[in-house]
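Visitor: Sharing structure-v3.txt here; it has compact mmCIF, C-alpha atoms.
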# COMPACT_ATOMS: atom_id res chain seq x y z
CA MET A 25 -72.33 137.26 106.16
CA ASN A 26 -68.83 136.32 107.35
CA CYS A 27 -65.81 138.58 107.91
CA HIS A 28 -64.50 138.18 104.37
CA GLU A 29 -67.89 139.06 102.88
CA PHE A 30 -68.17 142.02 105.25
CA LYS A 31 -64.84 143.43 104.06
CA ASN A 32 -65.99 143.13 100.45
CA TRP A 33 -69.23 144.89 101.39
CA LEU A 34 -67.28 147.67 103.07
CA LEU A 35 -65.39 148.33 99.84
CA ASP A 36 -68.55 148.48 97.73
CA LYS A 37 -71.21 149.49 100.23
CA ASP A 38 -72.27 152.55 98.24
CA LEU A 39 -73.08 150.33 95.27
CA LEU A 40 -74.87 147.53 97.08
CA GLY A 41 -78.50 147.39 98.10
CA ARG A 42 -80.39 147.56 101.36
CA GLU A 43 -80.39 143.81 101.84
CA ALA A 44 -76.59 143.67 101.87
CA ALA A 45 -76.49 146.57 104.34
CA THR A 46 -78.86 144.69 106.65
CA CYS A 47 -76.65 141.60 106.52
CA ALA A 48 -73.59 143.74 107.27
CA LYS A 49 -75.31 145.30 110.29
CA GLN A 50 -76.25 141.89 111.61
CA HIS A 51 -72.66 140.76 111.23
CA VAL A 52 -71.08 143.71 113.08
CA ASP A 53 -73.55 143.18 115.93
CA THR A 54 -71.81 139.86 116.60
CA CYS A 55 -68.24 140.56 115.40
CA ASP A 56 -66.10 142.93 117.43
CA ARG A 57 -63.28 143.03 114.84
CA CYS A 58 -65.55 144.04 111.96
CA ARG A 59 -67.38 146.52 114.20
CA LYS A 60 -64.06 148.28 114.83
CA LEU A 61 -63.28 148.15 111.11
CA LEU A 62 -66.61 149.80 110.31
CA ALA A 63 -66.01 152.49 112.93
CA LEU A 64 -62.59 153.21 111.43
CA ASP A 65 -64.07 153.43 107.94
CA GLN A 66 -66.71 155.89 109.12
CA GLU A 67 -64.08 157.95 110.92
CA VAL A 68 -62.02 158.22 107.73
CA GLU A 69 -65.08 159.24 105.70
CA ASN A 70 -66.03 161.90 108.25
CA SER A 71 -62.48 163.23 108.25
CA ILE A 72 -62.47 163.51 104.46
CA ARG A 73 -65.80 165.33 104.45
CA ALA A 74 -64.57 167.77 107.08
CA THR A 75 -61.32 168.42 105.20
CA LEU A 76 -62.74 169.01 101.75
CA ALA A 77 -64.02 172.52 101.21
CA LYS A 78 -67.37 172.94 99.52
CA VAL A 79 -66.94 175.19 96.49
CA GLU A 80 -69.82 176.63 94.53
CA PRO A 81 -69.20 176.07 90.80
CA PRO A 82 -69.24 179.18 88.59
CA ASP A 83 -72.34 179.87 86.52
CA ARG A 84 -70.42 179.32 83.28
CA LEU A 85 -69.55 175.77 84.36
CA ARG A 86 -73.19 175.04 85.19
CA ALA A 87 -74.24 176.38 81.80
CA ALA A 88 -71.67 174.27 79.96
CA VAL A 89 -72.64 171.10 81.85
CA ASP A 90 -76.36 171.72 81.29
CA GLN A 91 -75.76 172.20 77.59
CA ASN A 92 -73.73 168.99 77.29
CA ILE A 93 -76.31 167.03 79.28
CA LYS A 94 -78.96 168.19 76.83
CA TYR A 95 -76.95 166.72 73.96
CA ALA A 96 -76.37 163.47 75.82
CA GLU A 97 -80.08 163.08 76.50
CA ARG A 98 -80.83 163.44 72.79
CA SER A 99 -78.60 160.51 71.91
CA PRO A 100 -80.62 157.49 70.68
CA PHE A 101 -78.33 155.32 72.79
CA PHE A 102 -79.16 157.37 75.88
CA ARG A 103 -82.89 156.90 75.29
CA ARG A 104 -82.53 153.12 74.84
CA VAL A 105 -80.65 152.49 78.09
CA PRO A 106 -82.88 151.05 80.89
CA TRP A 107 -81.48 153.44 83.51
CA LYS A 108 -83.61 152.17 86.40
CA THR A 109 -82.23 148.66 86.04
CA LEU A 110 -78.58 149.72 86.19
CA ALA A 111 -76.50 149.96 89.33
CA PRO A 112 -75.80 153.63 90.17
CA ALA A 113 -72.10 153.45 89.33
CA LEU A 114 -72.74 151.68 86.03
CA ALA A 115 -75.50 154.11 85.14
CA ALA A 116 -73.15 157.02 85.83
CA ALA A 117 -70.41 155.44 83.72
CA VAL A 118 -72.78 154.87 80.80
CA PHE A 119 -74.16 158.39 81.10
CA PHE A 120 -70.75 160.04 81.00
CA PHE A 121 -69.67 157.81 78.12
CA VAL A 122 -72.59 159.20 76.15
CA LEU A 123 -71.92 162.70 77.42
CA LEU A 124 -68.29 162.63 76.32
CA ASN A 125 -68.70 160.33 73.34
CA PRO A 126 -66.92 161.96 70.39
CA PHE A 127 -68.89 159.88 67.88
CA ALA A 128 -72.11 161.74 68.71
CA ALA A 129 -70.61 165.01 67.47
CA HIS A 130 -73.36 167.08 65.91
CA ILE A 131 -75.16 170.32 66.70
CA ASP A 132 -78.87 170.03 66.06
CA SER A 133 -80.10 173.58 65.53
CA VAL A 134 -79.11 177.20 65.05
CA ASP A 135 -80.45 177.93 68.53
CA ASP A 136 -78.17 175.27 70.02
CA LEU A 137 -75.16 176.62 68.15
CA ALA A 138 -75.90 180.14 69.36
CA ALA A 139 -76.31 179.01 72.99
CA LEU A 140 -73.08 176.99 72.92
CA ALA A 141 -71.15 179.85 71.34
CA VAL A 142 -72.36 182.29 74.00
CA THR A 143 -71.48 179.85 76.79
CA ASN A 144 -67.90 179.61 75.53
CA HIS A 145 -67.66 183.35 74.92
CA LEU A 146 -68.75 184.12 78.48
CA SER A 147 -66.40 181.56 80.02
CA GLY A 148 -63.67 184.19 79.98
CA ASP A 149 -60.96 181.78 78.83
CA LEU A 150 -58.70 183.94 76.65
CA THR A 151 -55.98 181.31 76.17
CA MET A 152 -54.63 181.39 72.61
CA ALA A 153 -52.69 178.50 71.06
CA VAL A 154 -51.62 180.58 68.08
CA LYS A 155 -51.46 184.35 67.71
CA ALA A 156 -51.89 186.51 64.65
CA GLY A 157 -48.64 186.67 62.69
CA GLU A 158 -47.13 183.54 64.23
CA THR A 159 -47.95 181.38 61.22
CA ALA A 160 -48.11 182.27 57.55
CA ASP A 161 -51.07 179.95 56.91
CA MET A 162 -53.60 180.04 59.74
CA SER A 163 -56.07 177.79 57.89
CA HIS A 164 -53.40 175.09 57.55
CA TRP A 165 -52.68 175.27 61.30
CA PHE A 166 -56.31 174.52 62.07
CA GLU A 167 -56.64 171.92 59.31
CA GLN A 168 -53.85 169.87 60.85
CA ARG A 169 -55.78 169.75 64.13
CA LEU A 170 -59.40 169.64 62.99
CA GLY A 171 -59.22 167.66 59.76
CA PHE A 172 -60.78 170.43 57.68
CA SER A 173 -59.58 173.81 56.48
CA VAL A 174 -61.00 176.79 58.34
CA ARG A 175 -59.72 180.33 58.29
CA PRO A 176 -60.44 183.37 60.43
CA PRO A 177 -62.94 185.45 58.47
CA GLY A 178 -61.81 188.91 57.42
CA MET A 179 -63.69 191.36 59.63
CA GLU A 180 -61.63 194.51 59.07
CA ASN A 181 -64.53 196.34 57.44
CA GLU A 182 -66.47 195.89 60.67
CA GLY A 183 -63.64 197.30 62.75
CA LEU A 184 -62.57 193.91 64.11
CA ARG A 185 -58.90 192.96 64.49
CA PHE A 186 -57.93 189.29 64.50
CA ILE A 187 -55.56 188.54 67.40
CA GLY A 188 -55.32 184.74 67.63
CA GLY A 189 -57.10 181.46 68.09
CA ARG A 190 -57.21 177.94 69.47
CA LEU A 191 -59.34 174.82 69.42
CA CYS A 192 -62.38 174.44 71.64
CA LYS A 193 -65.57 172.39 71.85
CA LEU A 194 -69.10 173.56 71.29
CA GLY A 195 -71.02 170.82 73.04
CA PRO A 196 -69.77 167.61 71.40
CA VAL A 197 -68.14 169.31 68.40
CA LYS A 198 -64.50 170.37 68.15
CA VAL A 199 -64.25 173.76 66.43
CA ALA A 200 -61.88 176.62 65.69
CA TYR A 201 -62.09 179.52 68.13
CA PHE A 202 -60.92 182.86 66.71
CA PHE A 203 -60.31 185.88 68.92
CA TYR A 204 -60.92 189.41 67.71
CA ASP A 205 -61.00 192.75 69.42
CA LYS A 206 -62.91 195.90 68.64
CA GLY A 207 -61.33 198.60 70.71
CA GLU A 208 -61.81 197.42 74.29
CA GLN A 209 -64.46 194.88 73.30
CA ARG A 210 -63.68 191.18 72.93
CA VAL A 211 -65.30 189.32 70.06
CA SER A 212 -65.43 185.53 69.62
CA VAL A 213 -65.84 183.79 66.27
CA PHE A 214 -66.29 180.02 66.08
CA GLY A 215 -65.68 178.12 62.85
CA LEU A 216 -66.86 174.58 62.18
CA SER A 217 -67.57 172.26 59.30
CA SER A 218 -71.12 172.22 57.96
CA LYS A 219 -70.93 168.42 58.33
CA GLU A 220 -71.03 168.87 62.10
CA VAL A 221 -74.51 170.42 62.14
CA ARG A 222 -77.95 168.97 61.51
CA PHE A 223 -79.61 172.10 60.21
CA ASP A 224 -79.66 173.81 56.83
CA LEU A 225 -78.33 177.31 56.37
CA GLU A 226 -78.22 179.08 53.03
CA SER A 227 -74.82 180.35 51.97
CA GLN A 228 -74.14 183.93 53.10
CA LYS A 229 -77.49 184.11 54.91
CA HIS A 230 -77.09 185.54 58.41
CA VAL A 231 -79.12 184.45 61.43
CA ARG A 232 -78.94 186.88 64.34
CA LYS A 233 -79.94 186.23 67.94
CA THR A 234 -79.58 187.84 71.35
CA ILE A 235 -78.68 185.53 74.25
CA GLN A 236 -77.69 186.55 77.78
CA GLY A 237 -77.01 190.09 76.61
CA CYS A 238 -74.74 188.92 73.77
CA GLU A 239 -75.34 189.48 70.08
CA VAL A 240 -74.85 186.33 68.00
CA ASP A 241 -74.43 186.28 64.22
CA ILE A 242 -74.40 182.90 62.45
CA TRP A 243 -73.70 182.43 58.76
CA ARG A 244 -72.49 179.90 56.22
CA ASP A 245 -69.52 180.35 53.91
CA GLY A 246 -69.15 177.38 51.57
CA ASP A 247 -68.61 174.27 53.69
CA LEU A 248 -68.03 176.28 56.85
CA ILE A 249 -70.38 177.59 59.51
CA TYR A 250 -69.36 180.64 61.54
CA ALA A 251 -70.84 181.95 64.77
CA MET A 252 -69.76 185.37 66.02
CA VAL A 253 -70.50 186.54 69.55
CA ILE A 254 -70.16 190.13 70.71
Will you turn the file into structure tokens for me?

Guide:
Amino acid sequence: MNCHEFKNWLLDKDLLGREAATCAKQHVDTCDRCRKLLALDQEVENSIRATLAKVEPPDRLRAAVDQNIKYAERSPFFRRVPWKTLAPALAAAVFFFVLLNPFAAHIDSVDDLAALAVTNHLSGDLTMAVKAGETADMSHWFEQRLGFSVRPPGMENEGLRFIGGRLCKLGPVKVAYFFYDKGEQRVSVFGLSSKEVRFDLESQKHVRKTIQGCEVDIWRDGDLIYAMVI
């Protein structure tokens, strides 16, 4: 290995194998200039590590990442990739392409939908893009952004007051997120097209589940699927 090759190795050393590292070590043993360059590189890395604070991610972020990873692993493309033969950086790039790939947008089961809805509900993000009364046609507002018409379901008989909504993602699927309140209690309702799920649900049939202390109610209304979390 010469000086030019060593500098290239220094740029990509985390991606190259043990053999290249051995050659680099042999080179710095005989080259004072490259030895100083390596020492400087290590000093910069140590300084960065010392400067950056280690922050523990919140549980809701872990839950969301775990849920998305589960969907990525189910992708047929993910299962076909020979991960062990890929360089680490390339493997990571391919993995996150699958993880974030919008073309794999489906929810496989009622259980998955319930878990994703609870994860978003517990995230505590109360940001609203549109509030009740700000637009005369709420379904049109969402249709312009989602490509299908979805309206906040009328829940007045259950003591729920609609207060606003926004877009969000349940795993790989972009959905409508409606905010309701019931006294001091916050209620989340997610609306999505039935085309975005891979399970059958009879119209007006309710499926109820309890996850992480939250009550989840899932039902179908025409071409729409709703998931309510309390």

Visitor: Interatomic distance between CA of Glu158 in chain A and CA of Phe186 in chain A?

Guide: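 Separating CA of Glu158 in chain A from CA of Phe186 in chain A is a distance of 12.2 Å.
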
Visitor: Counting all atoms listed in the file, which residue out of A:Thr151, A:Thr234, A:Asn26, A:Thr46 sits closest to Ala139 in chain A?

Guide: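 Distance minimum relative to Ala139 in chain A lands on A:Thr234.
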
Visitor: Could you work out how far CA of Ala200 in chain A lies from CA of Gly215 in chain A, giving the answer in Å with one decimal?

Guide: 5.0 Å

Visitor: Restricting the calculation to only C-alpha atoms: of A:His130, A:Lys233, A:Arg190, A:Arg175, which residue gets closest to Lys219 in chain A?

Guide: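 Of the candidates, the smallest distance to Lys219 in chain A is held by A:His130.
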
Visitor: From the list A:Ala45, A:Met179, A:Cys27, A:Leu194, which residue is nearest Leu140 in chain A when using only C-alpha atoms?

Guide: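 Answer, going by the shortest atom-to-atom distance: A:Leu194.
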
Visitor: Hey, which of A:Asp245, A:Asp149, A:Asp161, A:Asp65 ends up closest to Arg210 in chain A? Count only C-alpha atoms.

Guide: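 The closest residue to Arg210 in chain A is A:Asp149.
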
Visitor: Could you please determine the separation between CA of Asp247 in chain A and CA of Ser218 in chain A in Å, to one decimal place?

Guide: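 Computed distance, CA of Asp247 in chain A to CA of Ser218 in chain A, equals 5.4 Å.
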
Visitor: Can you pull out the residues contacting Leu225 in chain A? Cut-off 9 Å, using all atoms listed in the file, and skip same-chain residues under 4 positions away; I want them as number ranges by chain.

Guide: A: 134, 218, 229-231, 243-244, 249

Visitor: The selected residues should be written to file as a PDB file, in the frame of the given file (atoms: C-alpha atoms).

Guide:
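This is the output file again-v3.pdb:
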ATOM      1  CA  VAL A 134     -79.110 177.200  65.050  1.00  0.00           C
ATOM      2  CA  SER A 218     -71.120 172.220  57.960  1.00  0.00           C
ATOM      3  CA  LYS A 229     -77.490 184.110  54.910  1.00  0.00           C
ATOM      4  CA  HIS A 230     -77.090 185.540  58.410  1.00  0.00           C
ATOM      5  CA  VAL A 231     -79.120 184.450  61.430  1.00  0.00           C
ATOM      6  CA  TRP A 243     -73.700 182.430  58.760  1.00  0.00           C
ATOM      7  CA  ARG A 244     -72.490 179.900  56.220  1.00  0.00           C
ATOM      8  CA  ILE A 249     -70.380 177.590  59.510  1.00  0.00           C
TER       9      ILE A 249
END
